[in-house]
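Reviewing the structure listed below.
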Amino acid sequence: MPDESVKVAVRVRPFNQREKDRSAKLIIKMQGQMTTIANPETPNEEPKSFSFDYSYWSHDGFQEKSDGVLEPAGGSSYASQRRVFEDLGQGVLDNAFEGYNCSLFAYGQTGSGKSYSMVGYGQNKGIVPITCDEMFKTMDKNADPNKRFEVTFSMLEIYNEQVRDLLSKDNPKGGLNVRQNPKLGLFYVENLKRVPVGSYAEIEKRTDQGTASRTVASTNMNATSSRAHTVVTITFDQIIKSESGSETKKSSVMNLVDLAGSERADSTGATGDRLKEGANINKSLSALGNVISALADLSMGTKKKIMVPYRDSVLTKLLQNALGGNSKTIMIAALSPADINYDETLSTLRYADRAKKIKNKAVVNENPLDKLIRELKEENERLKKAMEGGGVVMQEGAGLTPEELDKMRKQMEEDIRAQLMANQAMIAENAQSWDDKLAEARTETEKIDVGGADNSRKSKEAYLINLNEDPMLSGVICHFLNSGETSVGRKDASPVPNICLSGLSIQKQHAVIFNKKGVIEIESVSGSGSKTKINGIPLTGRKALCHKDRILFGSNHMYVLMNPLKPETADNSLPKEITWEYAQKEIAQVKGFATGSAGLSKEQQIVQEQVLEILPMVSEVNAVSEELNKQKSFEVVLISAAAQEGGDITQSHASNDLVLVTVKMKNLLNGNTWLWERGKFITRRYLIQELYQKFLDGENISNIPKEQDPFWEPTEDVLIGTSNLFLQSLSYCLDFEDTLNISDYKGQEEGHLKVKLEPCDNKGKPIDEEAFVDDPHELLNKPYHFKLTVENANIHKSRFSKGIMVKYSVKNNGKVEEVKTPTVKNTLTPTFNHSKVISIPKLKQENLDFFESGCITLSIYGIQEDTMPDPKLLKLNTRELREASMYQDLRALTINQELRQMENMENSTANASGRRATMFGNEIASDTSHLKTEVVLLQRKYERLQQKERRMQQICEEWSKKPDGEKQFEPFYRAVSAVANSTGTRLKTRVQMLNQMLKLQKTVALPSYKDNSSPMLRLQKEAPGLQRQKTMDPSMLSQVLQGQKYVRQMALDKSANKKTPSKSNGKRPSSADNNKTESSACVLQ
């Protein structure tokens, strides 16, 4: 028959709860066969248009019938499951009865609705079950006695380039082999179980068996189900007997493929990782894309010589016939309607657009049975002769070494032997009657118990039901809790537990569940060190369980307790249905992360989603580290915008308020740490899963090179903390010199950094005092230069003494420039004296805004080295090291708080003694660190509010003691308001005060005072505008006196000798000066 293009359909689903919470906008529109997508970032741009064979609108316009089936509402264009089957599935079925091979595969990102279209949920069955059901209904209508049907069913999963038979309990290590038929050139899975089925009910039960197998495997192997491809193959044979008695077989192979999530490889941001290439998570989908592109070019004739790369992955090998071969193929692309998934959805549409250009050449597979058997026997004879003759003689041996020739010969001999065995199996299969094979399969099918099948028991007995991140795999496994004790553990325990689990952090004897007349309790096995969490809280001792409680065994086995005997014990605040997402949010809440979305910005919601996504991954990687004894620990780290590197002199710091989600890896032996961006961690986690799978398969992983070990990382500079240098003084051309706190990402003090800001000329020379301005707008549209000097630092933790440096970035002469100080080694009190002149060619309003509210973030880095650990630590395993580290962290936190209290009491600044530095030698990195940080911050806020309250009470008390004639409400109100609204920063007010002082010294000659009046009273006489209100903060008094002293000195200098420089050496007013002198002591802190 002529070439036929692959049929392509696209289908858009409704908004999910996550998209509703984020107030997502609809970006997909459909009209007829046309689908358009609008870019939310450029709303004025013309939407991109694509044309497909079918465009299914399933976003809205539906109503639910009494039986739960969704159907179009009146007048809507909603595409129901039945309509999709009639357009796509019915065509697959018709082609199968005609003898054509058929393929149907679903493509799209995780959560886009692929599984709903292919399998469906509840009463809304998808294409696969409807197709199977209709096939058997059609077979039952057959009235031709000379025609009979034979149907076989197989189900496999491809994960990490390994093939698993989902209908078999015993899968070889490394997965099943994929072989190539030397005669037909097609690939097949060796020893894949093909089960005869005689009804749709049998297919349904086998599908449940395969789904349960997927669930167990994904939990035990820590595999992410969204990264796996599922292939259901139905072989449909029609045997037709002719009038002469000979039989002809018309055979059709139907491949129904649910592809893995199509997230782009770069969407996670895994940049700069040395192991990124080895962790191509989407390798099979990338290979599939290359195959589709090559076939599209081949069909369009754009290139003459094209090699289609079928061999690049297991998936493309098995789909060779479906793409460009003997098959009628349909692709359904699932689309997300939300603007937050624009990039992924556009990628899916482009993928589908290329696929529709592929042309296949399908033929009817019809051959006489005796001819098929004869050809198989003849082929076997040829293969035997080839084996007896020492294999296949290499025709193209030139250029190959003897070792390469020998390797190739052995590989071909192995392929011939495998094909010989496959042919023998087919001959034996044809020798056995179909009725006997079907009877054997039915006996086996009846014995299958996938768990949860007995729905009648669920209303009478307590049971555990599983949760999985893939909704298709949730509720698949059910364990009933019999009266008495139910043990939980590994199958290699003695005695064997009632509930057998395997995988990360599961102990031989893990836990025991007690059921006494419907009262359920759970207890960890004493001394096992097992990890169990109830509603996100670690289990300690014996605990009573309530209906709908969430139980996490180890790292991955999540269950919900359903107790129909005590339903009243359930928490009334629980949702009607407990989901995997709900359970993960609960765990995150216990760890101190906020999970509510109310009032969050779009950026904050993104961060929250990333945290909830990455938390279970971190727990899993920690468990692998313990089991493989890698001496590493991992924790989620949220780095606020203020703690991130960078600083743009033209933009407000508040414009970049996105929190960065990272993971910190810590070497538990020497304390070295690394911060990995989310994408890099996800890549590493995938490689760690691979490594752990090799360990489970019995491979020796202890001798792998460190460069290939995902737990190993070369030492790199570690971020000690950041200091924010605020620039408000630059608005008034004031110098600023201060000692800044160095804070880590948790807000903990790590040391101090002394810096200085000076307005200057373009060569860095300080400008004279006349440049001081009262109104910052006077600086607009003029060149502006200032010098930033990093003078010295004082670091608390002794492990950073190997070397310290400071980095920051600014926009200098219109270009962003990264600035780095020299590295100072072997000290915790480095002196840098590093200066950088920063120039703004033309000061604009945005620069002034940045001066007023922005800052430059100075990042302080420490040099890390691979030092030899304490020999005592080498005797501990990873779990013991983590526990020791947590204890030290808590101790360090206590010491830190005590020292701060001592400092506050003594009112003294920190010194640089070695003794103090060593007391901070342990980093605070426990799992409860986020909670501790919140407590510390709230305590500080509470103390500030207490101070305000005491001051306000003092004002009220003073006012109440005054005689009625002196009680004036307005001053009293101003005093209370000043305290209530105080923010702790008074720079602008003080600058204005200083400016009035400077104006005063120009106009007022210094008088001779004969009275003994105080300097403040004399200042009031000279400048009534500076009269101190009764509500003035007492801390202002000394600064006003110093300012007045400065004015007097300036006036004396001018009146004594205008040609003689003042004793202040021409020094301009400074907003901060730690080195106070008699001649210049105006300090504005």
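Just remember, in the structure tokens the first chain shown is A, the second B, etc., residues are 1-based per chain, and ligands are 1-based in the order shown.
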Query raised in the report: Skipping near chain neighbours, those fewer than 2 positions away, what residues fall within 9 Å of segment 343-358 of chain A using only C-alpha atoms, listed as a count of residues only?
Result: 47
Distance query segment 71-73 of chain A at most 10 Å, only C-alpha atoms, self and fewer than 6 positions along chain excluded, as a PDB file with N, CA and C atoms, in the first residue's frame:
ATOM      1  N   SER A  58     -10.261  19.441  25.990  1.00  0.00           N
ATOM      2  CA  SER A  58     -10.788  18.793  27.197  1.00  0.00           C
ATOM      3  C   SER A  58     -10.504  19.641  28.423  1.00  0.00           C
ATOM      4  N   ASP A  60     -12.381  22.458  29.539  1.00  0.00           N
ATOM      5  CA  ASP A  60     -13.597  22.786  30.280  1.00  0.00           C
ATOM      6  C   ASP A  60     -14.798  22.444  29.410  1.00  0.00           C
ATOM      7  N   GLY A  61     -15.992  22.804  29.890  1.00  0.00           N
ATOM      8  CA  GLY A  61     -17.206  22.527  29.127  1.00  0.00           C
ATOM      9  C   GLY A  61     -17.711  21.114  29.305  1.00  0.00           C
ATOM     10  N   PHE A  62     -17.449  20.496  30.464  1.00  0.00           N
ATOM     11  CA  PHE A  62     -17.908  19.129  30.699  1.00  0.00           C
ATOM     12  C   PHE A  62     -18.813  19.074  31.924  1.00  0.00           C
ATOM     13  N   GLN A  63     -19.555  17.990  32.030  1.00  0.00           N
ATOM     14  CA  GLN A  63     -20.400  17.739  33.188  1.00  0.00           C
ATOM     15  C   GLN A  63     -20.276  16.261  33.556  1.00  0.00           C
ATOM     16  N   GLU A  64     -20.518  15.963  34.835  1.00  0.00           N
ATOM     17  CA  GLU A  64     -20.356  14.591  35.325  1.00  0.00           C
ATOM     18  C   GLU A  64     -21.711  13.910  35.445  1.00  0.00           C
ATOM     19  N   LYS A  65     -21.813  12.741  34.857  1.00  0.00           N
ATOM     20  CA  LYS A  65     -23.039  11.953  34.941  1.00  0.00           C
ATOM     21  C   LYS A  65     -23.119  11.259  36.301  1.00  0.00           C
ATOM     22  N   ALA A  79     -13.998  17.279  24.470  1.00  0.00           N
ATOM     23  CA  ALA A  79     -13.695  15.967  23.883  1.00  0.00           C
ATOM     24  C   ALA A  79     -13.642  14.938  25.000  1.00  0.00           C
ATOM     25  N   SER A  80     -14.620  14.043  25.039  1.00  0.00           N
ATOM     26  CA  SER A  80     -14.686  13.015  26.080  1.00  0.00           C
ATOM     27  C   SER A  80     -13.771  11.851  25.735  1.00  0.00           C
ATOM     28  N   GLN A  81     -13.602  10.934  26.710  1.00  0.00           N
ATOM     29  CA  GLN A  81     -12.782   9.748  26.484  1.00  0.00           C
ATOM     30  C   GLN A  81     -13.352   8.911  25.337  1.00  0.00           C
ATOM     31  N   ARG A  82     -14.664   8.848  25.265  1.00  0.00           N
ATOM     32  CA  ARG A  82     -15.288   8.034  24.214  1.00  0.00           C
ATOM     33  C   ARG A  82     -15.012   8.608  22.838  1.00  0.00           C
ATOM     34  N   ARG A  83     -15.084   9.917  22.724  1.00  0.00           N
ATOM     35  CA  ARG A  83     -14.823  10.544  21.423  1.00  0.00           C
ATOM     36  C   ARG A  83     -13.379  10.303  20.990  1.00  0.00           C
ATOM     37  N   ASN A 124     -13.894   6.851  33.836  1.00  0.00           N
ATOM     38  CA  ASN A 124     -13.504   7.458  32.557  1.00  0.00           C
ATOM     39  C   ASN A 124     -12.304   6.704  31.987  1.00  0.00           C
TER      40      ASN A 124
END
Query - Residues of segment 195-356 of chain A in helix (DSSP H, G or I), written as an NGL selection string - result: :A and (200-220 or 225-227 or 277-279 or 283-300 or 310-312 or 314-318 or 339-355)
Query - Expected answer as number ranges by chain: strand (DSSP E or B) residues in segment 558-761 of chain A - result: A: 558-562, 632-639, 646, 660-667, 673-677, 718-726, 735-743, 749-760
Could the residues in this selection be written to a file with C-alpha atoms, as an mmCIF file, in the first residue's frame?
data_model
loop_
_atom_site.group_PDB
_atom_site.id
_atom_site.type_symbol
_atom_site.label_atom_id
_atom_site.label_comp_id
_atom_site.auth_asym_id
_atom_site.auth_seq_id
_atom_site.Cartn_x
_atom_site.Cartn_y
_atom_site.Cartn_z
ATOM 1 C CA MET A 558 4.337 5.869 52.215
ATOM 2 C CA TYR A 559 1.034 4.434 53.441
ATOM 3 C CA VAL A 560 -2.281 5.709 54.791
ATOM 4 C CA LEU A 561 -4.012 3.826 57.602
ATOM 5 C CA MET A 562 -7.686 3.257 56.831
ATOM 6 C CA LYS A 632 28.246 12.732 53.255
ATOM 7 C CA SER A 633 25.102 14.472 54.434
ATOM 8 C CA PHE A 634 22.662 16.607 52.462
ATOM 9 C CA GLU A 635 20.170 19.305 53.421
ATOM 10 C CA VAL A 636 17.940 21.784 51.621
ATOM 11 C CA VAL A 637 19.228 25.350 51.784
ATOM 12 C CA LEU A 638 17.143 28.395 50.867
ATOM 13 C CA ILE A 639 19.315 31.372 49.990
ATOM 14 C CA GLY A 646 25.582 40.231 43.030
ATOM 15 C CA LEU A 660 17.354 30.276 45.454
ATOM 16 C CA VAL A 661 16.690 26.618 46.298
ATOM 17 C CA THR A 662 19.938 24.709 46.742
ATOM 18 C CA VAL A 663 21.218 21.570 48.410
ATOM 19 C CA LYS A 664 24.249 21.589 50.676
ATOM 20 C CA MET A 665 26.492 18.530 50.683
ATOM 21 C CA LYS A 666 28.742 18.217 53.734
ATOM 22 C CA ASN A 667 31.760 15.968 54.183
ATOM 23 C CA THR A 673 30.743 21.811 52.218
ATOM 24 C CA TRP A 674 29.392 22.353 48.718
ATOM 25 C CA LEU A 675 26.259 24.172 47.585
ATOM 26 C CA TRP A 676 24.558 22.588 44.584
ATOM 27 C CA GLU A 677 21.880 24.322 42.578
ATOM 28 C CA VAL A 718 32.827 27.915 50.195
ATOM 29 C CA LEU A 719 30.572 30.881 50.880
ATOM 30 C CA ILE A 720 31.120 31.809 54.530
ATOM 31 C CA GLY A 721 28.447 34.468 54.454
ATOM 32 C CA THR A 722 27.436 37.820 53.044
ATOM 33 C CA SER A 723 27.412 41.423 54.200
ATOM 34 C CA ASN A 724 25.064 44.031 52.803
ATOM 35 C CA LEU A 725 26.644 47.438 52.314
ATOM 36 C CA PHE A 726 23.874 50.047 52.173
ATOM 37 C CA ASP A 735 31.826 59.073 53.544
ATOM 38 C CA PHE A 736 30.696 55.902 55.242
ATOM 39 C CA GLU A 737 32.913 53.640 57.297
ATOM 40 C CA ASP A 738 31.461 50.755 59.245
ATOM 41 C CA THR A 739 31.990 47.231 60.500
ATOM 42 C CA LEU A 740 29.353 44.973 58.951
ATOM 43 C CA ASN A 741 28.065 41.669 60.213
ATOM 44 C CA ILE A 742 28.824 38.632 58.073
ATOM 45 C CA SER A 743 25.727 36.398 58.066
ATOM 46 C CA GLU A 749 26.703 35.571 62.453
ATOM 47 C CA GLU A 750 29.946 34.289 60.931
ATOM 48 C CA GLY A 751 32.148 37.311 61.591
ATOM 49 C CA HIS A 752 32.601 40.994 60.769
ATOM 50 C CA LEU A 753 33.824 42.942 57.759
ATOM 51 C CA LYS A 754 35.145 46.492 57.873
ATOM 52 C CA VAL A 755 34.428 48.546 54.755
ATOM 53 C CA LYS A 756 34.526 52.165 53.671
ATOM 54 C CA LEU A 757 32.586 54.142 51.051
ATOM 55 C CA GLU A 758 34.017 57.435 49.775
ATOM 56 C CA PRO A 759 32.751 59.715 47.032
ATOM 57 C CA CYS A 760 35.777 60.542 44.880
#
Can you tell me, as a CSV table (one decimal) with C-alpha atoms, in the first residue's frame, what residues are no more than 9 Å from segment 235-239 of chain A when counting only C-alpha atoms, ignoring any on the same chain fewer than 3 positions away?
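Dumped to out-v5.csv:
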chain,number,residue,atom,x,y,z
A,96,ALA,CA,-5.7,-4.8,13.7
A,97,PHE,CA,-8.6,-6.9,12.3
A,99,GLY,CA,-3.9,-7.5,9.8
A,146,ASN,CA,-13.6,-21.3,10.1
A,147,LYS,CA,-12.1,-18.3,11.9
A,148,ARG,CA,-10.7,-18.3,15.4
A,149,PHE,CA,-8.7,-15.7,17.4
A,150,GLU,CA,-5.7,-15.8,19.6
A,151,VAL,CA,-4.7,-12.9,21.8
A,152,THR,CA,-1.5,-12.6,23.8
A,153,PHE,CA,-0.7,-9.8,26.3
A,154,SER,CA,2.7,-8.5,27.5
A,194,ARG,CA,3.6,-13.2,26.6
A,247,GLU,CA,-4.7,-22.5,7.7
A,248,THR,CA,-3.6,-18.9,7.2
A,249,LYS,CA,-2.6,-16.6,10.1
A,250,LYS,CA,-3.4,-12.9,9.9
A,251,SER,CA,-1.3,-11.3,12.6
A,252,SER,CA,-1.3,-7.8,14.1
A,253,VAL,CA,0.9,-6.4,16.8
A,254,MET,CA,-0.6,-3.5,18.7
A,255,ASN,CA,2.0,-1.4,20.7
A,369,LEU,CA,0.9,-21.4,9.0
Query - Atomic distance atom CA of Ser284 of chain A - atom CA of Phe105 of chain A, expressed in Å with one decimal - result: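 Computing the Euclidean distance for atom CA of Ser284 of chain A and atom CA of Phe105 of chain A yields 14.1 Å.
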Report task. Do a neighbour search on Thr540 of chain A at 12 Å with only C-alpha atoms, toss out local chain neighbours closer than 2 positions, and write the hits as a PyMOL selection string. Result -> chain A and resi 511+522-527+529-534+537-538+542-544
Report task. Would you mind reading off the distance between atom CA of Lys193 of chain A and atom CA of Arg442 of chain A, one decimal, in Å? Result ->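 Spanning atom CA of Lys193 of chain A to atom CA of Arg442 of chain A is a straight-line distance of 14.4 Å.
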